[in-house]
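S.K.: Okay, handing you the structure first.
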Amino acid sequence: MAAPKPGRLSGRHRRPPEVRTTYREVAAIPEFRALWLGQGMSLLGDQLAQVALAVLVYSRTASPLATAAVYALTYLPPILGGPLLAGLADRYPRRRVMLWCDVLRALMLAVMALPSTPFPVLCALVFCVVLLGAPFSAARAALLPEVLDGDRYVVGSALQNVTNQAVQMLGFAAGGAAIAVLGPYRALALDCATFLGSALVIVAGVRHRPAPEREDGRPSMWRMTLSGARLVFGERRLRTLVLFAWLCGFYVIPEGIAAPYAAALADGRLPVPVITGLLMAAMPTGTVIGAFFFGRFVTPSGRLRGMGWLAMLTCAPLVLCVIRPPLEGVLALWVLSGVGGAYQLAANAAFVQCVPASGRAAAFGLVQSGLLAAQGAGILAGGAAAQRLGPEPVVTLAGVAGLCAAAVLTMLWTESRREIIAKVRAAAT
């Protein structure tokens, strides 16, 4: 048999290797650094402000109910106003939307930082500050794929995810100590300064882009919201990806009942508040680890192929809580569950591939609102069930239900992922 000619491949055709983007390459892009820094600054200020609000409201009212109600105001506005206001970033230039949101939130926080602000006004301002976060987040999410293309978008999202989780842990951990030194009003003033700093970073580092061109001109906000809903739920692949995102309603339940779970685990070695903090930090820690390695060492198409398996990993370890392991075992299981949460990076990247740029902000806003609603509903249902059954059985049931849902979504995704994987491979080679 003649030997193969030089330059030809013998056997099966070998596809060219995919090129993976590094974190250093993404961090070297000036516009991404501006978005990254601005988001980190405002998020750190927000974590500090949440603790400050809790201290401030309780000191004014001495009412746990009022304190919980004001904290709940931080979840309600994105669910109610997110789908409607997110469309602003498809109607107007996204950089401009981000700047206006930052400036308006800074002004509101300046008023909240005044000791003379009445309590009802304080509650109204909290609602409005959080409400303006919806168009800002939608504009930033829609702008990021224009700043980072292809695999850079996934790696940049992973870097932001790691930063967000780290900032959240740092903000909550250091918030109480900072407020003890500064006081709640100065902490709110510091949050005001972070929004102004974010606006300055955006002005200096993000270039102006015109508003996305739309075939239907400039429709009303209501029409844009309906158009975004039809876009997201009218196509099978997008529906599947959205349901992957909303799967968090199952694996967020352990965090929501961490306090009663800690009481059940307490054996005298550690105080219950310390155990609660460890439990609440376990999943974010796993997510940081998973996002780093998933973004750095897995190929672009490999992320899309492994997305379903990682989604199942978020829920499978929770099933093992049925054997009632000790604290160390529970922490290990919850960290492993958090590692699986890295699948959200691949789902996000696939979502960007399927959504046209002109409707991207409205689509992201709708998904984000549903995400918060799924988390809130999951925590509420988990708390009600734990009241009757105890925390360990509830975490186990959440794991079983989430694992079944993830398995169904994985089968649906396997049938419809081929075209997206082909696009990602083509861009990566």
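Note on naming: chains are A, B, ... as they come in the structure tokens, residues start from 1 per chain, ligands start from 1 in the order shown.
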Give me the residues near region 199-211 of chain A as a ChimeraX atom specification, where near means some atom within 7 Å (using only C-alpha atoms) and where sequence neighbours in that chain fewer than 2 positions away do not count.

M.R.: /A:30-31,34-35,38,90-95,99,102-103,195-197,213

S.K.: Output N, CA, C and O atoms of each residue in that selection to a file, as a PDB file, in the first residue's frame.

M.R.:
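Writing done, so here's out.pdb:
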ATOM      1  N   PRO A  30      -9.329  47.782  27.034  1.00  0.00           N
ATOM      2  CA  PRO A  30      -9.665  48.942  27.886  1.00  0.00           C
ATOM      3  C   PRO A  30     -11.160  49.063  28.186  1.00  0.00           C
ATOM      4  O   PRO A  30     -11.540  49.363  29.326  1.00  0.00           O
ATOM      5  N   GLU A  31     -12.018  48.853  27.187  1.00  0.00           N
ATOM      6  CA  GLU A  31     -13.454  49.009  27.431  1.00  0.00           C
ATOM      7  C   GLU A  31     -13.963  47.970  28.428  1.00  0.00           C
ATOM      8  O   GLU A  31     -14.818  48.272  29.271  1.00  0.00           O
ATOM      9  N   ALA A  34     -13.081  49.031  31.907  1.00  0.00           N
ATOM     10  CA  ALA A  34     -13.955  50.082  32.415  1.00  0.00           C
ATOM     11  C   ALA A  34     -15.274  49.499  32.927  1.00  0.00           C
ATOM     12  O   ALA A  34     -15.738  49.844  34.023  1.00  0.00           O
ATOM     13  N   LEU A  35     -15.887  48.613  32.148  1.00  0.00           N
ATOM     14  CA  LEU A  35     -17.132  47.989  32.583  1.00  0.00           C
ATOM     15  C   LEU A  35     -16.904  47.143  33.841  1.00  0.00           C
ATOM     16  O   LEU A  35     -17.733  47.131  34.761  1.00  0.00           O
ATOM     17  N   GLY A  38     -16.222  49.521  36.895  1.00  0.00           N
ATOM     18  CA  GLY A  38     -17.435  50.223  37.291  1.00  0.00           C
ATOM     19  C   GLY A  38     -18.414  49.308  38.002  1.00  0.00           C
ATOM     20  O   GLY A  38     -19.009  49.672  39.025  1.00  0.00           O
ATOM     21  N   ASP A  90     -32.446  49.101  24.470  1.00  0.00           N
ATOM     22  CA  ASP A  90     -32.624  48.824  23.045  1.00  0.00           C
ATOM     23  C   ASP A  90     -33.169  50.037  22.299  1.00  0.00           C
ATOM     24  O   ASP A  90     -33.140  50.083  21.071  1.00  0.00           O
ATOM     25  N   ARG A  91     -33.666  51.002  23.046  1.00  0.00           N
ATOM     26  CA  ARG A  91     -34.272  52.203  22.444  1.00  0.00           C
ATOM     27  C   ARG A  91     -33.277  53.360  22.355  1.00  0.00           C
ATOM     28  O   ARG A  91     -33.330  54.171  21.437  1.00  0.00           O
ATOM     29  N   TYR A  92     -32.371  53.451  23.331  1.00  0.00           N
ATOM     30  CA  TYR A  92     -31.401  54.537  23.399  1.00  0.00           C
ATOM     31  C   TYR A  92     -29.981  53.963  23.453  1.00  0.00           C
ATOM     32  O   TYR A  92     -29.799  52.785  23.756  1.00  0.00           O
ATOM     33  N   PRO A  93     -28.952  54.791  23.178  1.00  0.00           N
ATOM     34  CA  PRO A  93     -27.576  54.289  23.278  1.00  0.00           C
ATOM     35  C   PRO A  93     -27.304  53.703  24.666  1.00  0.00           C
ATOM     36  O   PRO A  93     -27.642  54.308  25.687  1.00  0.00           O
ATOM     37  N   ARG A  94     -26.694  52.532  24.697  1.00  0.00           N
ATOM     38  CA  ARG A  94     -26.553  51.804  25.961  1.00  0.00           C
ATOM     39  C   ARG A  94     -25.616  52.500  26.931  1.00  0.00           C
ATOM     40  O   ARG A  94     -25.833  52.475  28.150  1.00  0.00           O
ATOM     41  N   ARG A  95     -24.578  53.138  26.439  1.00  0.00           N
ATOM     42  CA  ARG A  95     -23.678  53.886  27.318  1.00  0.00           C
ATOM     43  C   ARG A  95     -24.427  55.020  27.999  1.00  0.00           C
ATOM     44  O   ARG A  95     -24.246  55.279  29.200  1.00  0.00           O
ATOM     45  N   LEU A  99     -25.059  55.677  32.079  1.00  0.00           N
ATOM     46  CA  LEU A  99     -24.652  56.909  32.755  1.00  0.00           C
ATOM     47  C   LEU A  99     -25.816  57.543  33.502  1.00  0.00           C
ATOM     48  O   LEU A  99     -25.683  57.952  34.665  1.00  0.00           O
ATOM     49  N   ASP A 102     -26.588  55.575  36.665  1.00  0.00           N
ATOM     50  CA  ASP A 102     -25.602  55.807  37.719  1.00  0.00           C
ATOM     51  C   ASP A 102     -25.807  57.162  38.384  1.00  0.00           C
ATOM     52  O   ASP A 102     -25.789  57.281  39.619  1.00  0.00           O
ATOM     53  N   VAL A 103     -26.002  58.210  37.579  1.00  0.00           N
ATOM     54  CA  VAL A 103     -26.155  59.561  38.129  1.00  0.00           C
ATOM     55  C   VAL A 103     -27.428  59.664  38.971  1.00  0.00           C
ATOM     56  O   VAL A 103     -27.417  60.219  40.085  1.00  0.00           O
ATOM     57  N   PHE A 195     -21.342  55.026  42.856  1.00  0.00           N
ATOM     58  CA  PHE A 195     -22.088  55.217  41.613  1.00  0.00           C
ATOM     59  C   PHE A 195     -21.498  56.363  40.791  1.00  0.00           C
ATOM     60  O   PHE A 195     -21.412  56.269  39.561  1.00  0.00           O
ATOM     61  N   LEU A 196     -21.085  57.434  41.453  1.00  0.00           N
ATOM     62  CA  LEU A 196     -20.434  58.521  40.724  1.00  0.00           C
ATOM     63  C   LEU A 196     -19.113  58.048  40.125  1.00  0.00           C
ATOM     64  O   LEU A 196     -18.766  58.400  38.984  1.00  0.00           O
ATOM     65  N   GLY A 197     -18.363  57.242  40.879  1.00  0.00           N
ATOM     66  CA  GLY A 197     -17.116  56.689  40.341  1.00  0.00           C
ATOM     67  C   GLY A 197     -17.365  55.786  39.153  1.00  0.00           C
ATOM     68  O   GLY A 197     -16.623  55.826  38.162  1.00  0.00           O
ATOM     69  N   GLU A 213     -30.129  49.602  15.683  1.00  0.00           N
ATOM     70  CA  GLU A 213     -31.106  49.839  14.630  1.00  0.00           C
ATOM     71  C   GLU A 213     -32.198  48.778  14.680  1.00  0.00           C
ATOM     72  O   GLU A 213     -31.925  47.588  14.832  1.00  0.00           O
TER      73      GLU A 213
END

S.K.: Could you find all residues in region 194-390 of chain A that DSSP calls alpha helix (DSSP H) from the backbone, and write them as number ranges by chain?

M.R.: A: 194-205, 221-233, 236-246, 248-251, 253-256, 258-265, 272-297, 300-319, 327-340, 343-354, 360-389

S.K.: Could you save those same residues with C-alpha atoms as a compact mmCIF listing (two decimals), in the first residue's frame?

M.R.:
# COMPACT_ATOMS: atom_id res chain seq x y z
CA THR A 194 -19.32 54.44 44.12
CA PHE A 195 -22.09 55.22 41.61
CA LEU A 196 -20.43 58.52 40.72
CA GLY A 197 -17.12 56.69 40.34
CA SER A 198 -18.78 54.12 38.09
CA ALA A 199 -20.19 56.93 35.92
CA LEU A 200 -16.76 58.55 35.60
CA VAL A 201 -15.15 55.24 34.64
CA ILE A 202 -17.80 54.68 31.95
CA VAL A 203 -17.33 58.21 30.56
CA ALA A 204 -13.57 57.76 30.41
CA GLY A 205 -13.35 54.14 29.27
CA MET A 221 -41.86 50.48 25.79
CA TRP A 222 -44.87 48.18 26.08
CA ARG A 223 -44.46 46.97 22.50
CA MET A 224 -40.75 46.40 23.07
CA THR A 225 -41.51 44.34 26.17
CA LEU A 226 -44.01 42.19 24.26
CA SER A 227 -41.53 41.86 21.39
CA GLY A 228 -38.84 40.69 23.83
CA ALA A 229 -41.20 38.12 25.35
CA ARG A 230 -42.11 36.76 21.91
CA LEU A 231 -38.43 36.60 20.98
CA VAL A 232 -37.42 34.73 24.13
CA PHE A 233 -40.32 32.29 24.35
CA ARG A 236 -37.25 26.49 21.19
CA ARG A 237 -33.53 26.98 21.76
CA LEU A 238 -34.06 30.24 23.59
CA ARG A 239 -36.79 28.74 25.75
CA THR A 240 -34.45 25.93 26.73
CA LEU A 241 -31.62 28.34 27.57
CA VAL A 242 -33.94 30.54 29.64
CA LEU A 243 -35.15 27.52 31.60
CA PHE A 244 -31.51 26.55 32.20
CA ALA A 245 -30.99 30.00 33.74
CA TRP A 246 -34.12 29.72 35.88
CA CYS A 248 -31.34 28.27 39.98
CA GLY A 249 -34.74 28.35 41.70
CA PHE A 250 -33.95 24.80 42.89
CA TYR A 251 -30.33 25.05 43.96
CA ILE A 253 -33.04 26.84 48.29
CA PRO A 254 -30.17 25.66 50.58
CA GLU A 255 -28.90 29.23 50.93
CA GLY A 256 -32.41 30.42 51.81
CA ALA A 258 -29.06 28.08 55.81
CA ALA A 259 -29.94 29.38 59.29
CA PRO A 260 -32.27 26.49 60.28
CA TYR A 261 -29.88 24.04 58.61
CA ALA A 262 -27.06 25.47 60.73
CA ALA A 263 -29.14 25.01 63.87
CA ALA A 264 -29.68 21.36 62.92
CA LEU A 265 -25.92 20.88 62.37
CA VAL A 272 -24.82 28.78 64.91
CA PRO A 273 -24.16 32.21 63.25
CA VAL A 274 -20.68 31.04 62.21
CA ILE A 275 -22.09 27.82 60.74
CA THR A 276 -24.76 29.87 58.92
CA GLY A 277 -22.08 32.07 57.37
CA LEU A 278 -20.03 29.06 56.28
CA LEU A 279 -23.08 27.46 54.66
CA MET A 280 -24.06 30.65 52.84
CA ALA A 281 -20.49 31.09 51.56
CA ALA A 282 -20.14 27.49 50.33
CA MET A 283 -22.01 27.75 47.02
CA PRO A 284 -20.53 31.14 46.01
CA THR A 285 -17.08 29.68 46.73
CA GLY A 286 -17.80 26.71 44.46
CA THR A 287 -19.11 29.04 41.76
CA VAL A 288 -15.89 31.07 41.85
CA ILE A 289 -13.82 27.89 41.48
CA GLY A 290 -16.03 26.46 38.73
CA ALA A 291 -16.21 29.69 36.75
CA PHE A 292 -12.43 30.14 36.84
CA PHE A 293 -11.58 26.65 35.61
CA PHE A 294 -14.53 26.39 33.22
CA GLY A 295 -13.57 29.66 31.54
CA ARG A 296 -9.83 29.02 31.51
CA PHE A 297 -9.35 25.34 30.65
CA PRO A 300 -15.58 27.02 23.70
CA SER A 301 -17.51 24.13 22.15
CA GLY A 302 -16.68 21.89 25.12
CA ARG A 303 -18.49 24.34 27.41
CA LEU A 304 -21.65 24.04 25.34
CA ARG A 305 -21.44 20.24 25.27
CA GLY A 306 -20.87 20.01 29.00
CA MET A 307 -23.50 22.55 29.97
CA GLY A 308 -26.21 19.98 30.72
CA TRP A 309 -23.92 17.80 32.82
CA LEU A 310 -22.82 20.78 34.90
CA ALA A 311 -26.45 21.84 35.33
CA MET A 312 -27.19 18.41 36.77
CA LEU A 313 -24.13 18.75 39.01
CA THR A 314 -25.68 21.82 40.66
CA CYS A 315 -28.48 19.65 42.06
CA ALA A 316 -27.06 16.10 42.32
CA PRO A 317 -24.87 16.74 45.43
CA LEU A 318 -27.88 18.14 47.30
CA VAL A 319 -29.61 14.76 47.07
CA LEU A 327 -20.85 20.03 58.73
CA GLU A 328 -17.69 19.22 56.75
CA GLY A 329 -19.63 16.90 54.44
CA VAL A 330 -22.42 19.42 53.90
CA LEU A 331 -19.92 22.14 53.04
CA ALA A 332 -18.17 19.86 50.54
CA LEU A 333 -21.49 18.96 48.89
CA TRP A 334 -22.61 22.58 48.65
CA VAL A 335 -19.24 23.71 47.25
CA LEU A 336 -19.52 20.98 44.61
CA SER A 337 -23.02 22.18 43.78
CA GLY A 338 -21.63 25.70 43.34
CA VAL A 339 -18.96 24.39 40.96
CA GLY A 340 -21.73 23.11 38.69
CA TYR A 343 -22.86 26.12 33.41
CA GLN A 344 -24.58 29.52 33.51
CA LEU A 345 -21.58 30.96 31.61
CA ALA A 346 -22.18 28.61 28.68
CA ALA A 347 -25.93 29.23 28.77
CA ASN A 348 -25.30 32.97 28.71
CA ALA A 349 -22.92 32.69 25.75
CA ALA A 350 -25.38 30.53 23.80
CA PHE A 351 -28.17 32.99 24.58
CA VAL A 352 -26.10 35.83 23.10
CA GLN A 353 -25.52 33.77 19.93
CA CYS A 354 -29.28 33.34 19.44
CA ARG A 360 -30.72 41.94 23.36
CA ALA A 361 -31.35 44.30 26.29
CA ALA A 362 -35.09 43.54 26.53
CA ALA A 363 -34.36 39.81 26.35
CA PHE A 364 -31.70 40.02 29.07
CA GLY A 365 -34.01 42.10 31.26
CA LEU A 366 -36.81 39.56 30.94
CA VAL A 367 -34.50 36.66 31.79
CA GLN A 368 -33.01 38.52 34.75
CA SER A 369 -36.46 39.31 36.17
CA GLY A 370 -37.49 35.68 35.84
CA LEU A 371 -34.22 34.68 37.49
CA LEU A 372 -34.96 36.80 40.54
CA ALA A 373 -38.56 35.58 40.63
CA ALA A 374 -37.39 31.95 40.49
CA GLN A 375 -34.94 32.57 43.33
CA GLY A 376 -37.57 34.31 45.46
CA ALA A 377 -40.19 31.64 44.83
CA GLY A 378 -37.69 28.86 45.53
CA ILE A 379 -36.56 30.39 48.82
CA LEU A 380 -40.16 31.05 49.89
CA ALA A 381 -41.27 27.50 49.05
CA GLY A 382 -38.19 26.03 50.70
CA GLY A 383 -38.77 28.01 53.90
CA ALA A 384 -42.42 26.95 54.07
CA ALA A 385 -41.50 23.30 53.52
CA ALA A 386 -38.66 23.41 56.05
CA GLN A 387 -41.13 24.68 58.64
CA ARG A 388 -42.99 21.35 58.38
CA LEU A 389 -40.35 18.83 57.25

S.K.: Suppose you want the space between CA of Ile79 (chain A) and CA of Thr396 (chain A); what is it in Å?

M.R.: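 Calculated distance between CA of Ile79 (chain A) and CA of Thr396 (chain A) is 27.6 Å.
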
S.K.: Just checking: using only C-alpha atoms, which residue out of A:Pro326, A:Gly45, A:Trp36, A:Ala52 ends up closest to Tyr185 (chain A)?

M.R.: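 Answer, going by the shortest atom-to-atom distance: A:Ala52.
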
S.K.: Measuring between only C-alpha atoms, which one of A:Ala398, A:Leu159, A:Val298, A:Val55 shows the shortest distance to Gln39 (chain A)?

M.R.: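 Of A:Ala398, A:Leu159, A:Val298, A:Val55, the one nearest Gln39 (chain A), counting only C-alpha atoms, is A:Leu159.
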
S.K.: Just the number, please: distance in Å from CA of Pro120 (chain A) to CA of Arg105 (chain A), one decimal.

M.R.: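 For CA of Pro120 (chain A) relative to CA of Arg105 (chain A), the distance reads 17.5 Å.
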
S.K.: Out of A:Met411, A:Val162, A:Met112, A:Val322, which residue has the shortest atom-to-atom distance to Gly40 (chain A) when counting only C-alpha atoms?

M.R.: A:Val162

S.K.: Could you tell me which of A:Ala166, A:Ala110, A:Leu125, A:Ile29 comes closest to Ala189 (chain A) if we count only C-alpha atoms?

M.R.: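 Among the listed residues, A:Ala110 lies closest to Ala189 (chain A).
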
S.K.: For CA of Arg186 (chain A) and CA of Thr61 (chain A), determine how far apart the two atoms are, in Å to one decimal place.

M.R.: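 Interatomic distance, CA of Arg186 (chain A) to CA of Thr61 (chain A): 19.3 Å.
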
S.K.: Which of these, A:Leu114, A:Leu44, A:Leu148, A:Cys101, has the shortest distance to Phe136 (chain A) once you count only C-alpha atoms?

M.R.: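 That would be A:Cys101, the residue with the smallest distance to Phe136 (chain A).
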